[in-house]
>>> print(open('my_file_38.json').read())   # JSON, C-alpha atoms
[["chain", "number", "residue", "atom", "x", "y", "z"],
["A", 1, "MET", "CA", 0.00, 0.00, 0.00],
["A", 2, "ILE", "CA", 1.24, 3.46, -0.95],
["A", 3, "ASN", "CA", 1.20, 6.10, 1.76],
["A", 4, "LEU", "CA", 0.02, 9.65, 1.12],
["A", 5, "LYS", "CA", 3.53, 11.17, 0.78],
["A", 6, "ASN", "CA", 4.54, 8.63, -1.84],
["A", 7, "ARG", "CA", 1.31, 9.17, -3.75],
["A", 8, "TYR", "CA", 1.95, 12.92, -4.02],
["A", 9, "PHE", "CA", 5.54, 12.24, -5.02],
["A", 10, "LEU", "CA", 4.40, 9.87, -7.79],
["A", 11, "ILE", "CA", 1.81, 12.41, -9.01],
["A", 12, "PHE", "CA", 4.50, 15.11, -9.03],
["A", 13, "CYS", "CA", 6.93, 12.89, -10.98],
["A", 14, "GLY", "CA", 4.17, 11.95, -13.44],
["A", 15, "ALA", "CA", 3.36, 15.61, -14.01],
["A", 16, "ILE", "CA", 7.03, 16.40, -14.69],
["A", 17, "VAL", "CA", 7.31, 13.53, -17.19],
["A", 18, "ALA", "CA", 4.07, 14.66, -18.89],
["A", 19, "LEU", "CA", 5.44, 18.22, -19.10],
["A", 20, "PHE", "CA", 8.65, 17.03, -20.79],
["A", 21, "ILE", "CA", 6.70, 14.89, -23.25],
["A", 22, "PHE", "CA", 4.37, 17.81, -24.06],
["A", 23, "ARG", "CA", 7.34, 20.15, -24.55],
["A", 24, "PHE", "CA", 9.04, 17.64, -26.87],
["A", 25, "LEU", "CA", 5.87, 17.21, -28.95],
["A", 26, "ILE", "CA", 5.36, 20.98, -29.25],
["A", 27, "SER", "CA", 9.00, 21.62, -30.18],
["A", 28, "SER", "CA", 8.86, 18.98, -32.93],
["A", 29, "ILE", "CA", 5.90, 20.67, -34.66],
["A", 30, "PRO", "CA", 7.20, 22.82, -37.53],
["A", 31, "PHE", "CA", 6.37, 26.51, -37.31],
["A", 32, "ASN", "CA", 4.01, 27.94, -39.87],
["A", 33, "GLU", "CA", 5.09, 31.02, -41.82],
["A", 34, "GLU", "CA", 3.16, 33.44, -39.61],
["A", 35, "ALA", "CA", 4.97, 32.12, -36.53],
["A", 36, "LYS", "CA", 8.32, 32.44, -38.34],
["A", 37, "VAL", "CA", 7.55, 36.06, -39.26],
["A", 38, "ARG", "CA", 6.56, 36.82, -35.66],
["A", 39, "ARG", "CA", 9.82, 35.30, -34.43],
["A", 40, "PHE", "CA", 11.71, 37.41, -37.00],
["A", 41, "ILE", "CA", 9.96, 40.59, -35.78],
["A", 42, "PHE", "CA", 10.69, 39.86, -32.12],
["A", 43, "LYS", "CA", 14.29, 38.98, -32.92],
["A", 44, "GLY", "CA", 14.62, 42.41, -34.55],
["A", 45, "LYS", "CA", 12.93, 44.07, -31.57],
["A", 46, "ARG", "CA", 15.39, 42.43, -29.17],
["A", 47, "ALA", "CA", 18.35, 43.38, -31.38],
["A", 48, "LEU", "CA", 17.24, 47.03, -31.44],
["A", 49, "GLU", "CA", 16.71, 47.10, -27.68],
["A", 50, "LYS", "CA", 20.14, 45.52, -27.07],
["A", 51, "LYS", "CA", 21.68, 47.81, -29.71],
["A", 52, "ASP", "CA", 23.11, 44.72, -31.44],
["A", 53, "ILE", "CA", 24.17, 46.04, -34.84],
["A", 54, "LEU", "CA", 25.42, 42.64, -36.07],
["A", 55, "THR", "CA", 22.05, 40.95, -35.53],
["A", 56, "CYS", "CA", 20.27, 43.94, -37.07],
["A", 57, "ALA", "CA", 22.51, 43.71, -40.16],
["A", 58, "GLN", "CA", 21.84, 39.96, -40.49],
["A", 59, "LEU", "CA", 18.10, 40.64, -40.64],
["A", 60, "ILE", "CA", 18.38, 43.08, -43.57],
["A", 61, "SER", "CA", 18.23, 41.77, -47.13],
["A", 62, "LEU", "CA", 21.17, 42.47, -49.42],
["A", 63, "ASN", "CA", 18.53, 43.87, -51.82],
["A", 64, "TYR", "CA", 17.04, 46.31, -49.28],
["A", 65, "LYS", "CA", 15.69, 49.52, -50.81],
["A", 66, "ASP", "CA", 13.07, 51.92, -49.46],
["A", 67, "LYS", "CA", 11.17, 54.93, -50.75],
["A", 68, "TYR", "CA", 13.39, 57.26, -48.71],
["A", 69, "GLY", "CA", 16.41, 56.38, -50.87],
["A", 70, "ASN", "CA", 18.09, 54.03, -48.42],
["A", 71, "ASN", "CA", 19.82, 50.79, -49.32],
["A", 72, "ARG", "CA", 21.16, 48.15, -46.94],
["A", 73, "ASP", "CA", 24.41, 49.99, -46.19],
["A", 74, "SER", "CA", 22.73, 53.33, -45.50],
["A", 75, "LEU", "CA", 20.11, 51.67, -43.27],
["A", 76, "ILE", "CA", 22.89, 50.03, -41.23],
["A", 77, "GLY", "CA", 24.60, 53.44, -40.98],
["A", 78, "ILE", "CA", 21.37, 55.08, -39.79],
["A", 79, "THR", "CA", 20.92, 52.30, -37.24],
["A", 80, "LYS", "CA", 24.45, 52.91, -35.90],
["A", 81, "GLU", "CA", 23.68, 56.63, -35.53],
["A", 82, "PHE", "CA", 20.41, 55.77, -33.78],
["A", 83, "PHE", "CA", 22.29, 53.52, -31.32],
["A", 84, "ALA", "CA", 24.87, 56.25, -30.67],
["A", 85, "TYR", "CA", 22.18, 58.89, -30.04],
["A", 86, "TYR", "CA", 20.16, 56.86, -27.53],
["A", 87, "LYS", "CA", 21.45, 55.30, -24.34],
["A", 88, "GLU", "CA", 18.44, 53.00, -23.89],
["A", 89, "ILE", "CA", 15.80, 51.81, -26.32],
["A", 90, "THR", "CA", 12.55, 50.13, -25.30],
["A", 91, "LEU", "CA", 10.00, 49.01, -27.88],
["A", 92, "ALA", "CA", 6.47, 47.82, -27.24],
["A", 93, "ILE", "CA", 4.62, 46.26, -30.16],
["A", 94, "GLU", "CA", 0.98, 47.07, -29.52],
["A", 95, "LYS", "CA", -0.44, 45.60, -32.72],
["A", 96, "MET", "CA", 0.91, 43.35, -35.47],
["A", 97, "ASP", "CA", -0.91, 42.46, -38.69],
["A", 98, "ILE", "CA", 0.78, 40.05, -41.11],
["A", 99, "TYR", "CA", -0.22, 39.62, -44.76],
["A", 100, "PHE", "CA", 1.33, 37.10, -47.18],
["A", 101, "ASN", "CA", 1.32, 36.73, -50.94],
["A", 102, "GLN", "CA", -0.11, 33.46, -52.29],
["A", 103, "THR", "CA", 3.22, 31.64, -52.35],
["A", 104, "LYS", "CA", 4.11, 32.90, -48.86],
["A", 105, "ASP", "CA", 7.56, 34.05, -49.93],
["A", 106, "THR", "CA", 6.90, 37.74, -49.24],
["A", 107, "ALA", "CA", 5.10, 39.30, -46.31],
["A", 108, "LYS", "CA", 3.82, 42.72, -45.36],
["A", 109, "VAL", "CA", 3.84, 43.41, -41.63],
["A", 110, "GLU", "CA", 2.00, 46.42, -40.23],
["A", 111, "LEU", "CA", 3.08, 47.34, -36.71],
["A", 112, "LEU", "CA", 1.87, 49.82, -34.14],
["A", 113, "VAL", "CA", 4.95, 50.42, -32.02],
["A", 114, "LEU", "CA", 5.60, 52.52, -28.95],
["A", 115, "ALA", "CA", 9.27, 53.47, -28.74],
["A", 116, "ILE", "CA", 10.62, 54.93, -25.51],
["A", 117, "CYS", "CA", 14.23, 56.00, -25.78],
["A", 118, "ARG", "CA", 16.55, 57.52, -23.21],
["A", 119, "ARG", "CA", 19.02, 59.98, -24.67],
["A", 120, "ARG", "CA", 22.70, 59.96, -23.91],
["A", 121, "GLU", "CA", 24.00, 62.45, -21.39],
["A", 122, "GLY", "CA", 25.24, 65.70, -22.87],
["A", 123, "ILE", "CA", 22.34, 66.04, -25.30],
["A", 124, "ASN", "CA", 20.55, 69.23, -24.29],
["A", 125, "GLU", "CA", 17.00, 67.96, -24.57],
["A", 126, "SER", "CA", 14.62, 66.03, -22.38],
["A", 127, "LEU", "CA", 15.95, 62.73, -21.08],
["A", 128, "PHE", "CA", 13.22, 60.52, -22.48],
["A", 129, "GLU", "CA", 11.56, 60.55, -25.84],
["A", 130, "GLY", "CA", 8.50, 58.49, -26.64],
["A", 131, "GLU", "CA", 6.82, 57.97, -29.97],
["A", 132, "LYS", "CA", 3.99, 55.75, -31.05],
["A", 133, "GLY", "CA", 3.84, 55.09, -34.74],
["A", 134, "LYS", "CA", 2.65, 52.82, -37.50],
["A", 135, "VAL", "CA", 5.34, 51.09, -39.48],
["A", 136, "CYS", "CA", 5.04, 48.80, -42.49],
["A", 137, "LEU", "CA", 7.78, 46.22, -42.99],
["A", 138, "ARG", "CA", 8.07, 44.31, -46.23],
["A", 139, "LEU", "CA", 9.83, 40.99, -45.83],
["A", 140, "VAL", "CA", 11.14, 38.52, -48.35],
["A", 141, "LYS", "CA", 12.11, 34.90, -47.88],
["A", 142, "GLU", "CA", 15.72, 34.41, -48.97],
["A", 143, "ASP", "CA", 17.49, 31.08, -48.51],
["A", 144, "LYS", "CA", 14.58, 29.82, -46.38],
["A", 145, "ALA", "CA", 14.91, 32.75, -43.94],
["A", 146, "TRP", "CA", 12.93, 35.97, -43.66],
["A", 147, "GLN", "CA", 14.79, 39.20, -44.46],
["A", 148, "LEU", "CA", 13.80, 42.86, -44.25],
["A", 149, "LYS", "CA", 13.27, 44.23, -47.78],
["A", 150, "GLU", "CA", 11.76, 47.66, -47.04],
["A", 151, "ILE", "CA", 10.54, 49.90, -44.21],
["A", 152, "GLU", "CA", 7.78, 52.45, -44.65],
["A", 153, "PHE", "CA", 6.58, 54.81, -41.94],
["A", 154, "LEU", "CA", 2.80, 55.15, -42.20],
["A", 155, "GLU", "CA", 2.59, 58.35, -40.16],
["A", 156, "GLU", "CA", 4.80, 61.20, -39.04],
["A", 157, "LEU", "CA", 7.71, 59.99, -36.93],
["A", 158, "LYS", "CA", 10.26, 61.72, -34.70],
["A", 159, "ILE", "CA", 13.69, 60.12, -34.39],
["A", 160, "MET", "CA", 16.73, 61.66, -32.73],
["A", 161, "GLY", "CA", 14.77, 64.81, -31.97],
["A", 162, "GLU", "CA", 13.72, 65.47, -35.56],
["A", 163, "ARG", "CA", 10.59, 64.74, -37.55],
["A", 164, "ILE", "CA", 11.67, 62.48, -40.39],
["A", 165, "ILE", "CA", 8.40, 62.30, -42.32]]
>>> encode(input="my_file_38.json", output="structure tokens")
Amino acid sequence: MINLKNRYFLIFCGAIVALFIFRFLISSIPFNEEAKVRRFIFKGKRALEKKDILTCAQLISLNYKDKYGNNRDSLIGITKEFFAYYKEITLAIEKMDIYFNQTKDTAKVELLVLAICRRREGINESLFEGEKGKVCLRLVKEDKAWQLKEIEFLEELKIMGERII
């Protein structure tokens, strides 16, 4: 006969085994394209918040071109300036809408993002700057991985103390 302590121990061990089995089954399910795009977006968000220029550069397509005249190299340069201007960057994605073409090799992602940035010391302006804006990202699948192809700001945006559109 099993006493009460042993019964709870067996239930606990069974729950742990069930959790590991569930985790294994979930991790073996392939992600659909929407989940991959979401992971790409959050990877970019983390890279911006950590000011990780190498990860940011890896996410940008070699064929990047936007309506503002930027290519991949100029976008990386702008990102470096952005990192130098701000001491801290915090992004909150409030809304994300993802649209695919029929073959699911290009995606359009519309984001509503709140950016709160703390300026470096020595800049004679307020310490914090916060902007909420709509951004459209166009992504392309290259070598089975999503890459940023274009950025479009859907409303007026202030970066580094200046209105850019």
>>> atom_distance(input="my_file_38.json", atom1="atom CA of Ile93 of chain A", atom2="atom CA of Val109 of chain A")
11.8 Å
>>> atom_distance(input="my_file_38.json", atom1="atom CA of Leu148 of chain A", atom2="atom CA of Asn71 of chain A")
11.2 Å
>>> closest_residue(input="my_file_38.json", among="A:Glu150, A:Asp97, A:Glu121, A:Glu88", to="Lys65 of chain A", atoms="only C-alpha atoms")
A:Glu150
>>> closest_residue(input="my_file_38.json", among="A:Asn32, A:Arg46, A:Tyr64, A:Ala84", to="Ile151 of chain A", atoms="only C-alpha atoms")
A:Tyr64
>>> closest_residue(input="my_file_38.json", among="A:Ile60, A:Ala35, A:Ala92, A:Cys136", to="Thr79 of chain A", atoms="all atoms listed in the file")
A:Ile60
>>> atom_distance(input="my_file_38.json", atom1="atom CA of Arg39 of chain A", atom2="atom CA of Ile76 of chain A")
20.8 Å
>>> residues_around(input="my_file_38.json", residues="Gly44 of chain A", least_positions_apart="5", cutoff="9 Å", atoms="only C-alpha atoms", output="PyMOL selection string")
chain A and resi 39+49+55-56+59
>>> closest_residue(input="my_file_38.json", among="A:Leu75, A:Ala57, A:Arg138, A:Tyr86", to="Tyr99 of chain A", atoms="only C-alpha atoms")
A:Arg138
>>> residues_around(input="my_file_38.json", residues="Gly133 of chain A", least_positions_apart="6", cutoff="7 Å", atoms="only C-alpha atoms", output="tab-separated table (two decimals) with C-alpha atoms, in the frame of the given file")
chain	number	residue	atom	x	y	z
A	112	LEU	CA	1.87	49.82	-34.14
A	113	VAL	CA	4.95	50.42	-32.02
A	114	LEU	CA	5.60	52.52	-28.95
A	155	GLU	CA	2.59	58.35	-40.16
A	157	LEU	CA	7.71	59.99	-36.93
>>> closest_residue(input="my_file_38.json", among="A:Ile16, A:Ile78, A:Leu137, A:Ala115", to="Leu154 of chain A", atoms="all atoms listed in the file")
A:Leu137
>>> closest_residue(input="my_file_38.json", among="A:Asn63, A:Lys51, A:Glu142, A:Lys45", to="Lys80 of chain A", atoms="all atoms listed in the file")
A:Lys51
>>> residues_around(input="my_file_38.json", residues="Lys144 of chain A", least_positions_apart="6", cutoff="12 Å", atoms="only C-alpha atoms", output="list in words")
Glu33, Lys36, Val37, Lys104, Asp105 and Thr106 of chain A
>>> residues_around(input="my_file_38.json", residues="Val135 of chain A", least_positions_apart="3", cutoff="6 Å", atoms="all atoms listed in the file", output="ChimeraX atom specification")
/A:110-111,152-154
>>> decode(input="my_file_38.json", residues="segment 60-91 of chain A", atoms="C-alpha atoms", output="tab-separated table (two decimals), in the first residue's frame")
chain	number	residue	atom	x	y	z
A	60	ILE	CA	18.38	43.08	-43.57
A	61	SER	CA	18.23	41.77	-47.13
A	62	LEU	CA	21.17	42.47	-49.42
A	63	ASN	CA	18.53	43.87	-51.82
A	64	TYR	CA	17.04	46.31	-49.28
A	65	LYS	CA	15.69	49.52	-50.81
A	66	ASP	CA	13.07	51.92	-49.46
A	67	LYS	CA	11.17	54.93	-50.75
A	68	TYR	CA	13.39	57.26	-48.71
A	69	GLY	CA	16.41	56.38	-50.87
A	70	ASN	CA	18.09	54.03	-48.42
A	71	ASN	CA	19.82	50.79	-49.32
A	72	ARG	CA	21.16	48.15	-46.94
A	73	ASP	CA	24.41	49.99	-46.19
A	74	SER	CA	22.73	53.33	-45.50
A	75	LEU	CA	20.11	51.67	-43.27
A	76	ILE	CA	22.89	50.03	-41.23
A	77	GLY	CA	24.60	53.44	-40.98
A	78	ILE	CA	21.37	55.08	-39.79
A	79	THR	CA	20.92	52.30	-37.24
A	80	LYS	CA	24.45	52.91	-35.90
A	81	GLU	CA	23.68	56.63	-35.53
A	82	PHE	CA	20.41	55.77	-33.78
A	83	PHE	CA	22.29	53.52	-31.32
A	84	ALA	CA	24.87	56.25	-30.67
A	85	TYR	CA	22.18	58.89	-30.04
A	86	TYR	CA	20.16	56.86	-27.53
A	87	LYS	CA	21.45	55.30	-24.34
A	88	GLU	CA	18.44	53.00	-23.89
A	89	ILE	CA	15.80	51.81	-26.32
A	90	THR	CA	12.55	50.13	-25.30
A	91	LEU	CA	10.00	49.01	-27.88
